[in-house]
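Peer 1: Provided below: run.cif, containing mmCIF, N, CA and C atoms.
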```
data_coords
#
loop_
_atom_site.label_atom_id
_atom_site.label_comp_id
_atom_site.auth_asym_id
_atom_site.auth_seq_id
_atom_site.Cartn_x
_atom_site.Cartn_y
_atom_site.Cartn_z
N LYS A 838 160.21 0.93 -27.72
CA LYS A 838 160.83 0.29 -26.57
C LYS A 838 160.23 0.88 -25.31
N PHE A 839 159.97 0.04 -24.34
CA PHE A 839 159.41 0.49 -23.08
C PHE A 839 160.29 0.03 -21.94
N LEU A 840 160.41 0.86 -20.94
CA LEU A 840 160.97 0.45 -19.66
C LEU A 840 159.82 0.56 -18.68
N LEU A 841 159.31 -0.57 -18.25
CA LEU A 841 158.17 -0.56 -17.34
C LEU A 841 158.68 -0.71 -15.93
N ASN A 842 158.32 0.23 -15.10
CA ASN A 842 158.78 0.24 -13.72
C ASN A 842 157.64 -0.22 -12.82
N THR A 843 157.84 -1.28 -12.11
CA THR A 843 156.96 -1.86 -11.09
C THR A 843 155.75 -2.61 -11.62
N ILE A 844 155.48 -2.60 -12.93
CA ILE A 844 154.32 -3.35 -13.43
C ILE A 844 154.52 -4.84 -13.17
N PHE A 845 155.73 -5.34 -13.34
CA PHE A 845 155.95 -6.76 -13.09
C PHE A 845 155.70 -7.12 -11.64
N SER A 846 156.04 -6.20 -10.74
CA SER A 846 155.78 -6.46 -9.32
C SER A 846 154.29 -6.63 -9.06
N GLU A 847 153.50 -5.83 -9.73
CA GLU A 847 152.04 -5.93 -9.55
C GLU A 847 151.53 -7.26 -10.11
N LEU A 848 152.07 -7.68 -11.24
CA LEU A 848 151.65 -8.96 -11.80
C LEU A 848 152.04 -10.12 -10.88
N LEU A 849 153.18 -10.00 -10.22
CA LEU A 849 153.60 -11.04 -9.28
C LEU A 849 152.60 -11.18 -8.13
N ARG A 850 151.98 -10.06 -7.73
CA ARG A 850 150.95 -10.13 -6.69
C ARG A 850 149.81 -11.06 -7.10
N GLU A 851 149.58 -11.16 -8.40
CA GLU A 851 148.51 -12.00 -8.93
C GLU A 851 149.03 -13.41 -9.27
N ASN A 852 150.26 -13.71 -8.85
CA ASN A 852 150.89 -15.01 -9.14
C ASN A 852 151.03 -15.28 -10.63
N ILE A 853 151.29 -14.23 -11.40
CA ILE A 853 151.51 -14.35 -12.84
C ILE A 853 153.01 -14.43 -13.07
N LYS A 854 153.45 -15.42 -13.84
CA LYS A 854 154.87 -15.57 -14.13
C LYS A 854 155.34 -14.40 -15.00
N VAL A 855 156.40 -13.75 -14.58
CA VAL A 855 156.93 -12.61 -15.32
C VAL A 855 158.43 -12.80 -15.54
N PRO A 856 158.99 -12.08 -16.53
CA PRO A 856 160.44 -12.17 -16.74
C PRO A 856 161.20 -11.58 -15.55
N GLU A 857 162.49 -11.83 -15.53
CA GLU A 857 163.32 -11.27 -14.46
C GLU A 857 163.16 -9.76 -14.43
N ILE A 858 162.99 -9.23 -13.23
CA ILE A 858 162.76 -7.80 -13.07
C ILE A 858 164.09 -7.07 -12.95
N LYS A 859 164.28 -6.08 -13.81
CA LYS A 859 165.44 -5.20 -13.70
C LYS A 859 165.02 -4.05 -12.79
N SER A 860 165.73 -3.88 -11.72
CA SER A 860 165.35 -2.83 -10.79
C SER A 860 166.55 -1.91 -10.54
N PHE A 861 166.27 -0.80 -9.88
CA PHE A 861 167.33 0.13 -9.53
C PHE A 861 167.05 0.69 -8.16
N GLN A 862 168.11 1.05 -7.48
CA GLN A 862 168.01 1.60 -6.13
C GLN A 862 168.43 3.05 -6.03
N ASN A 863 169.12 3.54 -7.06
CA ASN A 863 169.63 4.91 -7.00
C ASN A 863 169.81 5.46 -8.41
N LYS A 864 170.21 6.71 -8.49
CA LYS A 864 170.34 7.39 -9.79
C LYS A 864 171.35 6.70 -10.70
N GLN A 865 172.46 6.23 -10.16
CA GLN A 865 173.48 5.59 -10.99
C GLN A 865 172.95 4.28 -11.60
N GLU A 866 172.26 3.48 -10.80
CA GLU A 866 171.69 2.23 -11.32
C GLU A 866 170.63 2.53 -12.38
N LEU A 867 169.82 3.57 -12.16
CA LEU A 867 168.84 3.97 -13.16
C LEU A 867 169.54 4.40 -14.44
N SER A 868 170.57 5.21 -14.33
CA SER A 868 171.32 5.67 -15.50
C SER A 868 171.89 4.49 -16.29
N ASN A 869 172.41 3.49 -15.58
CA ASN A 869 172.94 2.30 -16.25
C ASN A 869 171.86 1.56 -17.02
N LEU A 870 170.67 1.42 -16.41
CA LEU A 870 169.56 0.76 -17.09
C LEU A 870 169.12 1.54 -18.33
N LEU A 871 169.07 2.86 -18.20
CA LEU A 871 168.66 3.69 -19.33
C LEU A 871 169.67 3.58 -20.48
N LEU A 872 170.94 3.54 -20.14
CA LEU A 872 171.96 3.36 -21.18
C LEU A 872 171.84 1.99 -21.83
N GLN A 873 171.53 0.98 -21.06
CA GLN A 873 171.39 -0.39 -21.57
C GLN A 873 170.17 -0.53 -22.48
N PHE A 874 169.01 -0.03 -22.05
CA PHE A 874 167.76 -0.24 -22.78
C PHE A 874 167.45 0.85 -23.80
N LYS A 875 167.95 2.06 -23.57
CA LYS A 875 167.69 3.20 -24.46
C LYS A 875 166.20 3.31 -24.80
N PRO A 876 165.35 3.45 -23.80
CA PRO A 876 163.90 3.48 -24.07
C PRO A 876 163.45 4.76 -24.76
N ASP A 877 162.47 4.62 -25.64
CA ASP A 877 161.83 5.78 -26.24
C ASP A 877 160.79 6.36 -25.27
N LEU A 878 160.28 5.50 -24.40
CA LEU A 878 159.26 5.90 -23.45
C LEU A 878 159.44 5.08 -22.17
N ILE A 879 159.31 5.74 -21.04
CA ILE A 879 159.33 5.07 -19.74
C ILE A 879 157.92 5.15 -19.19
N ALA A 880 157.30 3.99 -18.94
CA ALA A 880 155.97 3.94 -18.35
C ALA A 880 156.11 3.59 -16.88
N VAL A 881 155.52 4.40 -16.00
CA VAL A 881 155.68 4.24 -14.57
C VAL A 881 154.32 3.92 -13.95
N PHE A 882 154.30 2.87 -13.12
CA PHE A 882 153.08 2.47 -12.42
C PHE A 882 153.45 2.06 -11.01
N ARG A 883 152.81 2.66 -10.01
CA ARG A 883 153.03 2.35 -8.60
C ARG A 883 154.48 2.55 -8.19
N ALA A 884 155.09 3.60 -8.65
CA ALA A 884 156.49 3.87 -8.29
C ALA A 884 156.55 5.07 -7.37
N SER A 885 157.23 4.91 -6.26
CA SER A 885 157.40 6.04 -5.35
C SER A 885 158.74 6.74 -5.60
N TYR A 886 159.48 6.30 -6.61
CA TYR A 886 160.77 6.89 -6.94
C TYR A 886 160.56 8.26 -7.58
N ILE A 887 161.32 9.25 -7.13
CA ILE A 887 161.30 10.58 -7.73
C ILE A 887 162.44 10.63 -8.75
N PHE A 888 162.09 10.75 -10.02
CA PHE A 888 163.10 10.76 -11.07
C PHE A 888 163.92 12.04 -11.02
N PRO A 889 165.25 11.92 -11.17
CA PRO A 889 166.11 13.12 -11.19
C PRO A 889 165.73 14.04 -12.35
N ARG A 890 165.94 15.34 -12.15
CA ARG A 890 165.58 16.33 -13.17
C ARG A 890 166.19 16.03 -14.53
N ASP A 891 167.45 15.60 -14.57
CA ASP A 891 168.08 15.36 -15.87
C ASP A 891 167.44 14.17 -16.59
N VAL A 892 166.97 13.18 -15.85
CA VAL A 892 166.27 12.05 -16.47
C VAL A 892 164.92 12.52 -17.01
N VAL A 893 164.22 13.33 -16.23
CA VAL A 893 162.92 13.86 -16.66
C VAL A 893 163.11 14.71 -17.92
N LYS A 894 164.19 15.45 -17.98
CA LYS A 894 164.48 16.31 -19.13
C LYS A 894 164.84 15.50 -20.37
N ASP A 895 165.55 14.39 -20.19
CA ASP A 895 166.09 13.64 -21.31
C ASP A 895 165.18 12.51 -21.83
N TYR A 896 164.15 12.14 -21.08
CA TYR A 896 163.32 11.00 -21.46
C TYR A 896 161.84 11.35 -21.37
N GLU A 897 161.07 10.71 -22.21
CA GLU A 897 159.61 10.79 -22.15
C GLU A 897 159.17 9.80 -21.07
N ILE A 898 158.58 10.32 -20.00
CA ILE A 898 158.15 9.47 -18.89
C ILE A 898 156.66 9.71 -18.66
N ILE A 899 155.89 8.62 -18.70
CA ILE A 899 154.45 8.69 -18.50
C ILE A 899 154.12 7.95 -17.20
N ASN A 900 153.34 8.58 -16.35
CA ASN A 900 152.93 7.99 -15.07
C ASN A 900 151.47 7.58 -15.13
N PHE A 901 151.19 6.40 -14.60
CA PHE A 901 149.83 5.88 -14.46
C PHE A 901 149.50 5.95 -12.97
N HIS A 902 148.79 7.00 -12.58
CA HIS A 902 148.50 7.31 -11.19
C HIS A 902 147.04 6.96 -10.93
N CYS A 903 146.76 6.14 -9.94
CA CYS A 903 145.41 5.60 -9.74
C CYS A 903 144.48 6.53 -8.98
N SER A 904 144.67 7.82 -9.14
CA SER A 904 143.77 8.83 -8.57
C SER A 904 143.70 10.03 -9.50
N ASP A 905 142.73 10.88 -9.26
CA ASP A 905 142.50 12.06 -10.09
C ASP A 905 143.43 13.19 -9.66
N ILE A 906 144.51 13.41 -10.40
CA ILE A 906 145.49 14.43 -10.00
C ILE A 906 145.01 15.85 -10.28
N LYS A 907 143.82 16.00 -10.88
CA LYS A 907 143.25 17.35 -10.99
C LYS A 907 142.86 17.86 -9.61
N ASN A 908 142.64 16.93 -8.69
CA ASN A 908 142.32 17.26 -7.31
C ASN A 908 143.62 17.19 -6.50
N GLU A 909 144.05 18.30 -5.93
CA GLU A 909 145.32 18.37 -5.18
C GLU A 909 145.40 17.33 -4.06
N LEU A 910 144.25 16.97 -3.49
CA LEU A 910 144.24 15.98 -2.41
C LEU A 910 144.75 14.61 -2.85
N TYR A 911 144.63 14.33 -4.14
CA TYR A 911 144.92 12.99 -4.63
C TYR A 911 146.26 12.89 -5.35
N LYS A 912 147.13 13.85 -5.14
CA LYS A 912 148.48 13.78 -5.69
C LYS A 912 149.38 13.09 -4.68
N GLY A 913 150.43 12.44 -5.17
CA GLY A 913 151.43 11.83 -4.29
C GLY A 913 150.99 10.51 -3.69
N LEU A 914 151.72 10.09 -2.67
CA LEU A 914 151.47 8.80 -2.03
C LEU A 914 150.17 8.84 -1.22
N GLY A 915 149.54 7.70 -1.09
CA GLY A 915 148.34 7.58 -0.28
C GLY A 915 147.08 8.11 -0.95
N SER A 916 147.15 8.35 -2.24
CA SER A 916 146.03 8.98 -2.93
C SER A 916 144.80 8.08 -3.04
N ILE A 917 145.00 6.80 -3.25
CA ILE A 917 143.85 5.89 -3.31
C ILE A 917 143.15 5.86 -1.96
N TYR A 918 143.94 5.76 -0.89
CA TYR A 918 143.37 5.75 0.45
C TYR A 918 142.56 7.01 0.71
N LYS A 919 143.13 8.17 0.35
CA LYS A 919 142.43 9.44 0.57
C LYS A 919 141.11 9.47 -0.20
N SER A 920 141.15 9.06 -1.47
CA SER A 920 139.93 9.11 -2.27
C SER A 920 138.89 8.12 -1.77
N TYR A 921 139.34 6.99 -1.25
CA TYR A 921 138.40 6.01 -0.69
C TYR A 921 137.77 6.54 0.62
N ILE A 922 138.59 7.05 1.51
CA ILE A 922 138.11 7.58 2.80
C ILE A 922 137.14 8.74 2.58
N LEU A 923 137.42 9.56 1.55
CA LEU A 923 136.56 10.71 1.26
C LEU A 923 135.36 10.31 0.39
N LYS A 924 135.23 9.00 0.14
CA LYS A 924 134.12 8.45 -0.65
C LYS A 924 133.97 9.14 -2.01
N GLU A 925 135.10 9.27 -2.67
CA GLU A 925 135.13 9.86 -4.02
C GLU A 925 134.15 9.09 -4.92
N PRO A 926 133.16 9.77 -5.49
CA PRO A 926 132.15 9.05 -6.28
C PRO A 926 132.66 8.58 -7.65
N SER A 927 133.67 9.24 -8.19
CA SER A 927 134.17 8.83 -9.51
C SER A 927 135.70 8.93 -9.56
N PRO A 928 136.37 8.00 -8.87
CA PRO A 928 137.84 8.03 -8.92
C PRO A 928 138.33 7.76 -10.34
N LYS A 929 139.53 8.20 -10.62
CA LYS A 929 140.07 8.07 -11.98
C LYS A 929 141.54 7.65 -11.94
N VAL A 930 141.96 6.92 -12.95
CA VAL A 930 143.37 6.71 -13.22
C VAL A 930 143.79 7.91 -14.07
N SER A 931 144.81 8.63 -13.62
CA SER A 931 145.33 9.77 -14.38
C SER A 931 146.61 9.34 -15.09
N VAL A 932 146.64 9.52 -16.39
CA VAL A 932 147.83 9.22 -17.18
C VAL A 932 148.43 10.57 -17.56
N HIS A 933 149.65 10.81 -17.07
CA HIS A 933 150.25 12.13 -17.27
C HIS A 933 151.74 12.04 -17.49
N ARG A 934 152.26 13.09 -18.13
CA ARG A 934 153.71 13.21 -18.32
C ARG A 934 154.34 13.56 -16.98
N ILE A 935 155.48 12.98 -16.72
CA ILE A 935 156.20 13.33 -15.49
C ILE A 935 157.04 14.57 -15.74
N ILE A 936 156.90 15.51 -14.81
CA ILE A 936 157.73 16.71 -14.77
C ILE A 936 158.34 16.75 -13.37
N PRO A 937 159.25 17.70 -13.10
CA PRO A 937 159.88 17.71 -11.77
C PRO A 937 158.92 17.85 -10.58
N GLU A 938 157.75 18.44 -10.76
CA GLU A 938 156.80 18.56 -9.67
C GLU A 938 155.93 17.29 -9.62
N ILE A 939 155.73 16.75 -8.44
CA ILE A 939 155.03 15.47 -8.27
C ILE A 939 153.59 15.56 -8.77
N ASP A 940 153.24 14.59 -9.64
CA ASP A 940 151.88 14.44 -10.17
C ASP A 940 151.31 15.74 -10.71
N SER A 941 152.13 16.47 -11.49
CA SER A 941 151.71 17.77 -11.99
C SER A 941 151.86 17.94 -13.49
N GLY A 942 152.34 16.94 -14.21
CA GLY A 942 152.54 17.07 -15.65
C GLY A 942 151.23 17.05 -16.42
N ASP A 943 151.33 17.35 -17.72
CA ASP A 943 150.17 17.35 -18.59
C ASP A 943 149.43 16.03 -18.49
N ILE A 944 148.13 16.10 -18.28
CA ILE A 944 147.30 14.89 -18.24
C ILE A 944 146.98 14.51 -19.67
N LEU A 945 147.37 13.29 -20.05
CA LEU A 945 147.10 12.80 -21.40
C LEU A 945 145.66 12.30 -21.51
N PHE A 946 145.23 11.58 -20.49
CA PHE A 946 143.84 11.14 -20.41
C PHE A 946 143.59 10.56 -19.04
N GLN A 947 142.31 10.34 -18.73
CA GLN A 947 141.92 9.74 -17.47
C GLN A 947 140.90 8.64 -17.76
N GLU A 948 140.92 7.60 -16.94
CA GLU A 948 139.96 6.51 -17.03
C GLU A 948 139.25 6.40 -15.69
N GLU A 949 137.94 6.41 -15.73
CA GLU A 949 137.15 6.33 -14.51
C GLU A 949 136.99 4.87 -14.07
N TYR A 950 136.94 4.68 -12.78
CA TYR A 950 136.59 3.39 -12.19
C TYR A 950 135.72 3.69 -10.97
N PHE A 951 135.22 2.66 -10.31
CA PHE A 951 134.31 2.89 -9.20
C PHE A 951 134.71 2.05 -7.99
N PHE A 952 134.63 2.67 -6.83
CA PHE A 952 134.82 1.94 -5.58
C PHE A 952 133.55 1.17 -5.24
N ASP A 953 133.71 0.12 -4.47
CA ASP A 953 132.59 -0.62 -3.91
C ASP A 953 132.62 -0.34 -2.41
N PHE A 954 131.87 0.65 -1.98
CA PHE A 954 131.93 1.08 -0.59
C PHE A 954 131.30 0.08 0.37
N ASP A 955 130.71 -0.98 -0.15
CA ASP A 955 130.21 -2.06 0.71
C ASP A 955 131.33 -3.01 1.11
N LYS A 956 132.50 -2.84 0.49
CA LYS A 956 133.66 -3.69 0.78
C LYS A 956 134.75 -2.84 1.41
N GLY A 957 135.73 -3.51 1.99
CA GLY A 957 136.80 -2.83 2.69
C GLY A 957 137.82 -2.16 1.79
N TYR A 958 138.74 -1.46 2.45
CA TYR A 958 139.75 -0.71 1.70
C TYR A 958 140.62 -1.60 0.83
N ALA A 959 141.08 -2.74 1.34
CA ALA A 959 141.99 -3.60 0.56
C ALA A 959 141.35 -4.01 -0.76
N HIS A 960 140.08 -4.37 -0.72
CA HIS A 960 139.37 -4.73 -1.95
C HIS A 960 139.37 -3.56 -2.93
N ASN A 961 139.11 -2.37 -2.42
CA ASN A 961 139.03 -1.19 -3.28
C ASN A 961 140.38 -0.72 -3.78
N GLU A 962 141.41 -0.91 -2.97
CA GLU A 962 142.77 -0.61 -3.44
C GLU A 962 143.10 -1.52 -4.62
N ASN A 963 142.74 -2.79 -4.51
CA ASN A 963 142.97 -3.71 -5.62
C ASN A 963 142.17 -3.31 -6.86
N LEU A 964 140.94 -2.81 -6.67
CA LEU A 964 140.16 -2.31 -7.82
C LEU A 964 140.91 -1.16 -8.50
N ALA A 965 141.45 -0.26 -7.71
CA ALA A 965 142.18 0.87 -8.26
C ALA A 965 143.43 0.40 -9.02
N PHE A 966 144.20 -0.51 -8.41
CA PHE A 966 145.40 -1.01 -9.07
C PHE A 966 145.06 -1.76 -10.34
N ARG A 967 143.99 -2.56 -10.31
CA ARG A 967 143.57 -3.31 -11.51
C ARG A 967 143.18 -2.32 -12.61
N SER A 968 142.52 -1.24 -12.26
CA SER A 968 142.15 -0.21 -13.24
C SER A 968 143.41 0.43 -13.82
N GLY A 969 144.40 0.67 -12.97
CA GLY A 969 145.66 1.22 -13.45
C GLY A 969 146.36 0.29 -14.42
N ILE A 970 146.38 -1.00 -14.10
CA ILE A 970 147.01 -1.98 -14.99
C ILE A 970 146.25 -2.05 -16.30
N ASP A 971 144.93 -2.10 -16.24
CA ASP A 971 144.13 -2.16 -17.47
C ASP A 971 144.38 -0.93 -18.34
N THR A 972 144.49 0.23 -17.71
CA THR A 972 144.76 1.46 -18.45
C THR A 972 146.15 1.41 -19.08
N LEU A 973 147.13 0.92 -18.35
CA LEU A 973 148.48 0.80 -18.88
C LEU A 973 148.52 -0.17 -20.06
N VAL A 974 147.86 -1.30 -19.94
CA VAL A 974 147.85 -2.29 -21.04
C VAL A 974 147.17 -1.69 -22.27
N SER A 975 146.06 -1.00 -22.08
CA SER A 975 145.37 -0.35 -23.21
C SER A 975 146.27 0.68 -23.88
N PHE A 976 146.99 1.46 -23.06
CA PHE A 976 147.90 2.47 -23.59
C PHE A 976 148.98 1.81 -24.44
N ILE A 977 149.57 0.74 -23.95
CA ILE A 977 150.63 0.05 -24.68
C ILE A 977 150.10 -0.52 -26.00
N LYS A 978 148.91 -1.10 -25.97
CA LYS A 978 148.34 -1.66 -27.19
C LYS A 978 148.09 -0.58 -28.24
N ASP A 979 147.73 0.62 -27.79
CA ASP A 979 147.43 1.72 -28.73
C ASP A 979 148.67 2.50 -29.13
N PHE A 980 149.79 2.26 -28.48
CA PHE A 980 151.00 3.04 -28.72
C PHE A 980 151.61 2.72 -30.07
#
```
Write the structure described by the file as structure tokens, please.
Peer 2:
Amino acid sequence: KFLLNTIFSELLRENIKVPEIKSFQNKQELSNLLLQFKPDLIAVFRASYIFPRDVVKDYEIINFHCSDIKNELYKGLGSIYKSYILKEPSPKVSVHRIIPEIDSGDILFQEEYFFDFDKGYAHNENLAFRSGIDTLVSFIKDF
């Protein structure tokens, strides 16, 4: 069982029909969803939500972060922008376990992608997000 957070929102950007999105705004709403779905794994993509410590402790949570979290500069919000501005030659999607410290859990694997520096930031941000989605889909297929 998977609880996918924000992946449907990304698909909507591409005008892809998706099922009704279950969302949460606070810890109580998240707790209710977790009780309802009882996921074995929570896959997180493009989420700025900081999971409470007890949720991190009680659930397996995997984050698909569209930057190389081995580099401290690329942790947290704005990481794609930073890596693009710094002309990172080999940006990566980092797939890691979520722990209480932001973008610091064990890295399960990384997938490389490439910016097209002849194009603007919006184009490259979409390349990064598409790489993240492709990595997430591959992970789910192999799970």
Peer 1: Residues near Gly969 of chain A, anyone? I mean within 7 Å using all atoms listed in the file, not counting same-chain ones fewer than 2 positions away, as a ChimeraX atom specification.
Peer 2: /A:901-903,930,964-967,971-974
Peer 1: Looking only at the backbone, which of the residues in segment 866-906 of chain A does DSSP tag as strand (DSSP E or B), as a VMD selection string?
Peer 2: chain A and resid 878 to 882 898 to 902
Peer 1: Could the residues in this selection be saved with N, CA and C atoms as an mmCIF file, in the frame of the given file?
Peer 2:
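Output (selection.cif):
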```
data_model
loop_
_atom_site.group_PDB
_atom_site.id
_atom_site.type_symbol
_atom_site.label_atom_id
_atom_site.label_comp_id
_atom_site.auth_asym_id
_atom_site.auth_seq_id
_atom_site.Cartn_x
_atom_site.Cartn_y
_atom_site.Cartn_z
ATOM 1 N N LEU A 878 160.280 5.500 -24.400
ATOM 2 C CA LEU A 878 159.260 5.900 -23.450
ATOM 3 C C LEU A 878 159.440 5.080 -22.170
ATOM 4 N N ILE A 879 159.310 5.740 -21.040
ATOM 5 C CA ILE A 879 159.330 5.070 -19.740
ATOM 6 C C ILE A 879 157.920 5.150 -19.190
ATOM 7 N N ALA A 880 157.300 3.990 -18.940
ATOM 8 C CA ALA A 880 155.970 3.940 -18.350
ATOM 9 C C ALA A 880 156.110 3.590 -16.880
ATOM 10 N N VAL A 881 155.520 4.400 -16.000
ATOM 11 C CA VAL A 881 155.680 4.240 -14.570
ATOM 12 C C VAL A 881 154.320 3.920 -13.950
ATOM 13 N N PHE A 882 154.300 2.870 -13.120
ATOM 14 C CA PHE A 882 153.080 2.470 -12.420
ATOM 15 C C PHE A 882 153.450 2.060 -11.010
ATOM 16 N N ILE A 898 158.580 10.320 -20.000
ATOM 17 C CA ILE A 898 158.150 9.470 -18.890
ATOM 18 C C ILE A 898 156.660 9.710 -18.660
ATOM 19 N N ILE A 899 155.890 8.620 -18.700
ATOM 20 C CA ILE A 899 154.450 8.690 -18.500
ATOM 21 C C ILE A 899 154.120 7.950 -17.200
ATOM 22 N N ASN A 900 153.340 8.580 -16.350
ATOM 23 C CA ASN A 900 152.930 7.990 -15.070
ATOM 24 C C ASN A 900 151.470 7.580 -15.130
ATOM 25 N N PHE A 901 151.190 6.400 -14.600
ATOM 26 C CA PHE A 901 149.830 5.880 -14.460
ATOM 27 C C PHE A 901 149.500 5.950 -12.970
ATOM 28 N N HIS A 902 148.790 7.000 -12.580
ATOM 29 C CA HIS A 902 148.500 7.310 -11.190
ATOM 30 C C HIS A 902 147.040 6.960 -10.930
#
```
Peer 1: Which polymer residues have any atom within 12 Å of an atom of Val932 of chain A, counting only C-alpha atoms, with same-chain residues fewer than 6 positions away left out, as a JSON list (two decimals) with N, CA and C atoms, in the frame of the given file?
Peer 2:
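After the write, around.json holds the following:
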```json
[["chain", "number", "residue", "atom", "x", "y", "z"],
["A", 880, "ALA", "N", 157.30, 3.99, -18.94],
["A", 880, "ALA", "CA", 155.97, 3.94, -18.35],
["A", 880, "ALA", "C", 156.11, 3.59, -16.88],
["A", 881, "VAL", "N", 155.52, 4.40, -16.00],
["A", 881, "VAL", "CA", 155.68, 4.24, -14.57],
["A", 881, "VAL", "C", 154.32, 3.92, -13.95],
["A", 882, "PHE", "N", 154.30, 2.87, -13.12],
["A", 882, "PHE", "CA", 153.08, 2.47, -12.42],
["A", 882, "PHE", "C", 153.45, 2.06, -11.01],
["A", 898, "ILE", "N", 158.58, 10.32, -20.00],
["A", 898, "ILE", "CA", 158.15, 9.47, -18.89],
["A", 898, "ILE", "C", 156.66, 9.71, -18.66],
["A", 899, "ILE", "N", 155.89, 8.62, -18.70],
["A", 899, "ILE", "CA", 154.45, 8.69, -18.50],
["A", 899, "ILE", "C", 154.12, 7.95, -17.20],
["A", 900, "ASN", "N", 153.34, 8.58, -16.35],
["A", 900, "ASN", "CA", 152.93, 7.99, -15.07],
["A", 900, "ASN", "C", 151.47, 7.58, -15.13],
["A", 901, "PHE", "N", 151.19, 6.40, -14.60],
["A", 901, "PHE", "CA", 149.83, 5.88, -14.46],
["A", 901, "PHE", "C", 149.50, 5.95, -12.97],
["A", 902, "HIS", "N", 148.79, 7.00, -12.58],
["A", 902, "HIS", "CA", 148.50, 7.31, -11.19],
["A", 902, "HIS", "C", 147.04, 6.96, -10.93],
["A", 903, "CYS", "N", 146.76, 6.14, -9.94],
["A", 903, "CYS", "CA", 145.41, 5.60, -9.74],
["A", 903, "CYS", "C", 144.48, 6.53, -8.98],
["A", 904, "SER", "N", 144.67, 7.82, -9.14],
["A", 904, "SER", "CA", 143.77, 8.83, -8.57],
["A", 904, "SER", "C", 143.70, 10.03, -9.50],
["A", 905, "ASP", "N", 142.73, 10.88, -9.26],
["A", 905, "ASP", "CA", 142.50, 12.06, -10.09],
["A", 905, "ASP", "C", 143.43, 13.19, -9.66],
["A", 906, "ILE", "N", 144.51, 13.41, -10.40],
["A", 906, "ILE", "CA", 145.49, 14.43, -10.00],
["A", 906, "ILE", "C", 145.01, 15.85, -10.28],
["A", 907, "LYS", "N", 143.82, 16.00, -10.88],
["A", 907, "LYS", "CA", 143.25, 17.35, -10.99],
["A", 907, "LYS", "C", 142.86, 17.86, -9.61],
["A", 940, "ASP", "N", 153.24, 14.59, -9.64],
["A", 940, "ASP", "CA", 151.88, 14.44, -10.17],
["A", 940, "ASP", "C", 151.31, 15.74, -10.71],
["A", 941, "SER", "N", 152.13, 16.47, -11.49],
["A", 941, "SER", "CA", 151.71, 17.77, -11.99],
["A", 941, "SER", "C", 151.86, 17.94, -13.49],
["A", 942, "GLY", "N", 152.34, 16.94, -14.21],
["A", 942, "GLY", "CA", 152.54, 17.07, -15.65],
["A", 942, "GLY", "C", 151.23, 17.05, -16.42],
["A", 943, "ASP", "N", 151.33, 17.35, -17.72],
["A", 943, "ASP", "CA", 150.17, 17.35, -18.59],
["A", 943, "ASP", "C", 149.43, 16.03, -18.49],
["A", 944, "ILE", "N", 148.13, 16.10, -18.28],
["A", 944, "ILE", "CA", 147.30, 14.89, -18.24],
["A", 944, "ILE", "C", 146.98, 14.51, -19.67],
["A", 945, "LEU", "N", 147.37, 13.29, -20.05],
["A", 945, "LEU", "CA", 147.10, 12.80, -21.40],
["A", 945, "LEU", "C", 145.66, 12.30, -21.51],
["A", 946, "PHE", "N", 145.23, 11.58, -20.49],
["A", 946, "PHE", "CA", 143.84, 11.14, -20.41],
["A", 946, "PHE", "C", 143.59, 10.56, -19.04],
["A", 947, "GLN", "N", 142.31, 10.34, -18.73],
["A", 947, "GLN", "CA", 141.92, 9.74, -17.47],
["A", 947, "GLN", "C", 140.90, 8.64, -17.76],
["A", 948, "GLU", "N", 140.92, 7.60, -16.94],
["A", 948, "GLU", "CA", 139.96, 6.51, -17.03],
["A", 948, "GLU", "C", 139.25, 6.40, -15.69],
["A", 949, "GLU", "N", 137.94, 6.41, -15.73],
["A", 949, "GLU", "CA", 137.15, 6.33, -14.51],
["A", 949, "GLU", "C", 136.99, 4.87, -14.07],
["A", 968, "SER", "N", 142.52, -1.24, -12.26],
["A", 968, "SER", "CA", 142.15, -0.21, -13.24],
["A", 968, "SER", "C", 143.41, 0.43, -13.82],
["A", 969, "GLY", "N", 144.40, 0.67, -12.97],
["A", 969, "GLY", "CA", 145.66, 1.22, -13.45],
["A", 969, "GLY", "C", 146.36, 0.29, -14.42],
["A", 970, "ILE", "N", 146.38, -1.00, -14.10],
["A", 970, "ILE", "CA", 147.01, -1.98, -14.99],
["A", 970, "ILE", "C", 146.25, -2.05, -16.30],
["A", 971, "ASP", "N", 144.93, -2.10, -16.24],
["A", 971, "ASP", "CA", 144.13, -2.16, -17.47],
["A", 971, "ASP", "C", 144.38, -0.93, -18.34],
["A", 972, "THR", "N", 144.49, 0.23, -17.71],
["A", 972, "THR", "CA", 144.76, 1.46, -18.45],
["A", 972, "THR", "C", 146.15, 1.41, -19.08],
["A", 973, "LEU", "N", 147.13, 0.92, -18.35],
["A", 973, "LEU", "CA", 148.48, 0.80, -18.88],
["A", 973, "LEU", "C", 148.52, -0.17, -20.06],
["A", 975, "SER", "N", 146.06, -1.00, -22.08],
["A", 975, "SER", "CA", 145.37, -0.35, -23.21],
["A", 975, "SER", "C", 146.27, 0.68, -23.88],
["A", 976, "PHE", "N", 146.99, 1.46, -23.06],
["A", 976, "PHE", "CA", 147.90, 2.47, -23.59],
["A", 976, "PHE", "C", 148.98, 1.81, -24.44]]
```
Peer 1: Assign secondary structure with DSSP using the backbone only, and return the residues of chain A in helix (DSSP H, G or I) as a ChimeraX atom specification.
Peer 2: /A:844-850,864-874,890-895,909-911,916-922,958-979
Peer 1: Which neighbours of Ser927 of chain A fall inside 8 Å, counting only C-alpha atoms, when residues of the same chain fewer than 6 positions from it are skipped, and could you give them as JSON, numbers by chain?
Peer 2: {"A": [949, 950, 951, 952]}
Peer 1: Residues of the last selection are to be written out with N, CA and C atoms, as an mmCIF file, in the frame of the given file.
Peer 2:
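So result25.cif came out as:
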```
data_model
loop_
_atom_site.group_PDB
_atom_site.id
_atom_site.type_symbol
_atom_site.label_atom_id
_atom_site.label_comp_id
_atom_site.auth_asym_id
_atom_site.auth_seq_id
_atom_site.Cartn_x
_atom_site.Cartn_y
_atom_site.Cartn_z
ATOM 1 N N GLU A 949 137.940 6.410 -15.730
ATOM 2 C CA GLU A 949 137.150 6.330 -14.510
ATOM 3 C C GLU A 949 136.990 4.870 -14.070
ATOM 4 N N TYR A 950 136.940 4.680 -12.780
ATOM 5 C CA TYR A 950 136.590 3.390 -12.190
ATOM 6 C C TYR A 950 135.720 3.690 -10.970
ATOM 7 N N PHE A 951 135.220 2.660 -10.310
ATOM 8 C CA PHE A 951 134.310 2.890 -9.200
ATOM 9 C C PHE A 951 134.710 2.050 -7.990
ATOM 10 N N PHE A 952 134.630 2.670 -6.830
ATOM 11 C CA PHE A 952 134.820 1.940 -5.580
ATOM 12 C C PHE A 952 133.550 1.170 -5.240
#
```
